[in-house]
file target_4.cif (mmCIF, C-alpha atoms)
data_input
#
loop_
_atom_site.group_PDB
_atom_site.id
_atom_site.type_symbol
_atom_site.label_atom_id
_atom_site.label_comp_id
_atom_site.auth_asym_id
_atom_site.auth_seq_id
_atom_site.Cartn_x
_atom_site.Cartn_y
_atom_site.Cartn_z
ATOM 1 C CA MET A 1 94.045 65.340 126.348
ATOM 2 C CA PRO A 2 97.315 65.072 124.410
ATOM 3 C CA ILE A 3 99.038 68.373 123.914
ATOM 4 C CA TYR A 4 102.614 67.220 123.336
ATOM 5 C CA LEU A 5 103.134 66.357 119.663
ATOM 6 C CA PRO A 6 106.542 64.747 119.077
ATOM 7 C CA ALA A 7 108.171 65.249 115.701
ATOM 8 C CA PRO A 8 107.817 62.240 113.417
ATOM 9 C CA ALA A 9 110.888 60.056 113.104
ATOM 10 C CA PRO A 10 112.367 59.942 109.608
ATOM 11 C CA ARG A 11 111.801 56.727 107.694
ATOM 12 C CA LEU A 12 114.938 55.007 106.590
ATOM 13 C CA GLY A 13 114.872 54.001 102.958
ATOM 14 C CA GLY A 14 116.844 53.707 99.807
ATOM 15 C CA PRO A 15 118.571 50.688 98.351
ATOM 16 C CA ASP A 16 120.854 50.176 101.354
ATOM 17 C CA GLY A 17 118.049 50.417 103.942
ATOM 18 C CA ARG A 18 119.789 53.357 105.626
ATOM 19 C CA GLY A 19 120.241 55.689 102.836
ATOM 20 C CA TRP A 20 118.610 58.166 100.657
ATOM 21 C CA THR A 21 116.363 59.785 103.242
ATOM 22 C CA ARG A 22 119.132 60.608 105.692
ATOM 23 C CA LEU A 23 119.277 64.079 104.175
ATOM 24 C CA SER A 24 115.842 65.613 104.524
ATOM 25 C CA ILE A 25 114.176 68.970 104.748
ATOM 26 C CA ALA A 26 113.889 68.376 108.491
ATOM 27 C CA SER A 27 117.644 68.049 108.817
ATOM 28 C CA MET A 28 118.042 71.445 107.144
ATOM 29 C CA GLY A 29 115.928 73.158 109.803
ATOM 30 C CA GLY A 30 112.572 73.044 108.012
ATOM 31 C CA LEU A 31 110.895 70.653 110.439
ATOM 32 C CA GLY A 32 111.908 68.379 113.214
ATOM 33 C CA GLY A 33 111.022 70.074 116.478
ATOM 34 C CA ASP A 34 108.329 68.781 118.787
ATOM 35 C CA GLU A 35 105.102 70.808 118.847
ATOM 36 C CA CYS A 36 102.477 71.845 121.377
ATOM 37 C CA ALA A 37 98.762 71.500 120.555
ATOM 38 C CA LEU A 38 98.108 74.630 122.648
ATOM 39 C CA ARG A 39 100.061 76.785 120.165
ATOM 40 C CA PRO A 40 97.957 76.790 116.969
ATOM 41 C CA LEU A 41 99.182 78.680 113.904
ATOM 42 C CA ASP A 42 95.902 79.029 111.970
ATOM 43 C CA TYR A 43 92.108 78.801 112.217
ATOM 44 C CA THR A 44 91.687 75.039 111.705
ATOM 45 C CA HIS A 45 94.364 74.205 114.259
ATOM 46 C CA TRP A 46 92.871 76.777 116.643
ATOM 47 C CA LEU A 47 89.535 74.932 116.449
ATOM 48 C CA GLU A 48 91.284 71.657 117.302
ATOM 49 C CA SER A 49 93.140 73.312 120.149
ATOM 50 C CA TYR A 50 89.983 74.953 121.478
ATOM 51 C CA ALA A 51 87.597 72.020 121.153
ATOM 52 C CA ASP A 52 89.527 68.805 121.695
ATOM 53 C CA THR A 53 93.266 68.286 121.319
ATOM 54 C CA ARG A 54 92.778 64.522 120.942
ATOM 55 C CA HIS A 55 92.401 65.235 117.210
ATOM 56 C CA ALA A 56 95.644 67.212 117.026
ATOM 57 C CA ARG A 57 98.403 65.831 114.824
ATOM 58 C CA TYR A 58 101.934 67.018 114.227
ATOM 59 C CA GLY A 59 102.125 70.046 111.904
ATOM 60 C CA GLY A 60 100.346 73.378 112.252
ATOM 61 C CA TYR A 61 101.343 74.127 115.842
ATOM 62 C CA GLY A 62 104.127 76.088 117.489
ATOM 63 C CA ALA A 63 107.181 74.575 119.121
ATOM 64 C CA CYS A 64 107.010 72.787 122.458
ATOM 65 C CA VAL A 65 108.752 74.948 125.070
ATOM 66 C CA ARG A 66 109.234 72.280 127.786
ATOM 67 C CA ALA A 67 110.430 69.180 125.880
ATOM 68 C CA GLY A 68 107.223 67.283 126.643
ATOM 69 C CA GLN A 69 107.081 68.216 130.343
ATOM 70 C CA CYS A 70 103.498 69.486 130.091
ATOM 71 C CA ASN A 71 102.897 69.741 133.854
ATOM 72 C CA GLU A 72 105.600 72.458 134.022
ATOM 73 C CA CYS A 73 104.457 74.313 130.905
ATOM 74 C CA PRO A 74 103.677 78.047 131.222
ATOM 75 C CA ILE A 75 101.395 77.869 128.157
ATOM 76 C CA LEU A 76 99.135 75.292 129.832
ATOM 77 C CA ALA A 77 98.674 77.610 132.815
ATOM 78 C CA ALA A 78 98.335 80.828 130.773
ATOM 79 C CA ARG A 79 94.954 82.474 130.299
ATOM 80 C CA SER A 80 93.956 85.483 128.231
ATOM 81 C CA HIS A 81 91.080 87.833 128.890
ATOM 82 C CA LEU A 82 88.992 90.024 126.600
ATOM 83 C CA ASP A 83 86.818 92.913 127.749
ATOM 84 C CA ALA A 84 84.215 93.835 125.148
ATOM 85 C CA PHE A 85 81.039 95.925 125.190
ATOM 86 C CA ASP A 86 79.100 93.420 123.116
ATOM 87 C CA SER A 87 78.332 89.736 123.568
ATOM 88 C CA ARG A 88 79.801 88.931 120.110
ATOM 89 C CA VAL A 89 83.155 89.891 118.615
ATOM 90 C CA LEU A 90 84.292 89.444 115.029
ATOM 91 C CA VAL A 91 87.748 88.010 114.485
ATOM 92 C CA ARG A 92 89.029 88.759 110.981
ATOM 93 C CA VAL A 93 91.876 86.721 109.564
ATOM 94 C CA HIS A 94 94.316 88.949 107.703
ATOM 95 C CA PRO A 95 94.586 87.741 104.101
ATOM 96 C CA GLU A 96 98.352 88.287 103.887
ATOM 97 C CA ASP A 97 99.803 87.235 107.227
ATOM 98 C CA GLY A 98 97.011 84.910 108.443
ATOM 99 C CA ARG A 99 96.932 86.564 111.874
ATOM 100 C CA PRO A 100 93.685 87.108 113.792
ATOM 101 C CA TYR A 101 92.413 90.649 114.427
ATOM 102 C CA LEU A 102 89.558 91.465 116.826
ATOM 103 C CA MET A 103 87.449 94.129 115.145
ATOM 104 C CA SER A 104 85.765 96.974 117.016
ATOM 105 C CA ARG A 105 83.372 97.866 114.142
ATOM 106 C CA PRO A 106 83.055 94.896 111.753
ATOM 107 C CA GLU A 107 80.868 96.833 109.310
ATOM 108 C CA ASP A 108 83.821 99.143 108.538
ATOM 109 C CA GLY A 109 86.017 96.257 107.367
ATOM 110 C CA TRP A 110 89.753 96.798 107.700
ATOM 111 C CA ALA A 111 89.186 100.541 108.248
ATOM 112 C CA SER A 112 87.841 99.669 111.704
ATOM 113 C CA GLY A 113 89.992 99.756 114.796
ATOM 114 C CA ALA A 114 91.375 96.311 115.504
ATOM 115 C CA LEU A 115 93.396 94.433 118.100
ATOM 116 C CA ARG A 116 96.000 92.092 116.641
ATOM 117 C CA TRP A 117 96.030 88.837 118.593
ATOM 118 C CA SER A 118 97.784 85.520 118.168
ATOM 119 C CA TRP A 119 96.186 82.132 117.591
ATOM 120 C CA GLU A 120 97.894 80.937 120.762
ATOM 121 C CA ARG A 121 96.360 83.728 122.807
ATOM 122 C CA LEU A 122 92.905 83.014 121.325
ATOM 123 C CA ALA A 123 93.295 79.353 122.291
ATOM 124 C CA ARG A 124 93.842 80.339 125.947
ATOM 125 C CA MET A 125 90.978 82.884 126.077
ATOM 126 C CA GLU A 126 88.438 82.432 128.843
ATOM 127 C CA GLY A 127 84.767 83.371 128.679
ATOM 128 C CA TRP A 128 84.375 83.223 124.878
ATOM 129 C CA GLU A 129 83.557 80.455 122.396
ATOM 130 C CA PRO A 130 83.393 80.128 118.585
ATOM 131 C CA ASP A 131 80.082 81.184 117.052
ATOM 132 C CA GLY A 132 80.346 80.512 113.325
ATOM 133 C CA ARG A 133 82.312 81.610 110.278
ATOM 134 C CA HIS A 134 81.977 85.062 108.695
ATOM 135 C CA GLN A 135 82.568 86.174 105.108
ATOM 136 C CA ASP A 136 81.898 89.586 103.575
ATOM 137 C CA GLN A 137 83.383 91.938 100.985
ATOM 138 C CA HIS A 138 86.277 92.707 103.369
ATOM 139 C CA GLY A 139 87.370 89.116 103.830
ATOM 140 C CA GLY A 140 86.875 86.111 106.069
ATOM 141 C CA GLY A 141 86.851 85.467 109.743
ATOM 142 C CA PHE A 142 84.706 84.076 112.512
ATOM 143 C CA TRP A 143 82.603 85.206 115.448
ATOM 144 C CA LEU A 144 83.280 84.722 119.126
ATOM 145 C CA LYS A 145 80.406 84.858 121.577
ATOM 146 C CA ARG A 146 80.576 85.531 125.262
ATOM 147 C CA VAL A 147 79.848 82.463 127.364
ATOM 148 C CA GLY A 148 76.887 83.300 129.553
ATOM 149 C CA GLY A 149 75.415 85.985 127.256
ATOM 150 C CA GLU A 150 75.522 89.713 127.918
ATOM 151 C CA PRO A 151 78.515 91.638 129.262
ATOM 152 C CA SER A 152 78.612 92.250 132.992
#

call {"tool": "encode", "arguments": {"input": "target_4.cif", "output": "structure tokens"}}
result
Amino acid sequence: MPIYLPAPAPRLGGPDGRGWTRLSIASMGGLGGDECALRPLDYTHWLESYADTRHARYGGYGACVRAGQCNECPILAARSHLDAFDSRVLVRVHPEDGRPYLMSRPEDGWASGALRWSWERLARMEGWEPDGRHQDQHGGGFWLKRVGGEPS
């Protein structure tokens, strides 16, 4: 299960074979750092991180914190826990910042109480699994269902 995603090496090009791509967006701080497939930044990358990181490719994940030393990584060992009264929880994705929010009363839309989470924390959550997309007049999101059914 690959979780370390090294930054792609720049291609050398230009008429001299060394040239015109030496200055790139990556060299200006836009890209260039290695990534971790356990640190998704959006819904599609969260699904890859949750289901099977063998499909993960560079881009869309947070920075690697251990320079590829995955066996020493605190993110690999981290787990998050969610206590909920129901066996399903709606996660709304905020339309402006793209962050996930766990809704206490989905029927109230954004007027409902909500817990702001991170995609990384959702990827490390135990006891819950994806249960389909959701779209209503308040926006989009997806459902999580408790593994094993009803709350204990």

call {"tool": "resolve_selection", "arguments": {"input": "target_4.cif", "expression": "the PyMOL selection byres ((chain A and resi 141) around 9)", "output": "ChimeraX atom specification"}}
result
/A:43,90-94,100-101,132-136,139-140,142-143

call {"tool": "resolve_selection", "arguments": {"input": "target_4.cif", "expression": "the PyMOL selection byres ((chain A and resi 6) around 6)", "output": "VMD selection string"}}
result
chain A and resid 5 7 34

call {"tool": "closest_residue", "arguments": {"input": "target_4.cif", "among": "A:Leu102, A:Ala111, A:Val89, A:Leu82", "to": "Arg124 (chain A)", "atoms": "all atoms listed in the file"}}
result
A:Leu82

call {"tool": "resolve_selection", "arguments": {"input": "target_4.cif", "expression": "the PyMOL selection byres ((chain A and resi 70-73) around 12)", "output": "JSON, numbers by chain"}}
result
{"A": [1, 2, 3, 4, 5, 35, 36, 37, 38, 39, 64, 65, 66, 67, 68, 69, 74, 75, 76, 77, 78]}

call {"tool": "atom_distance", "arguments": {"input": "target_4.cif", "atom1": "CA of Glu120 (chain A)", "atom2": "CA of Trp46 (chain A)"}}
result
7.7 Å
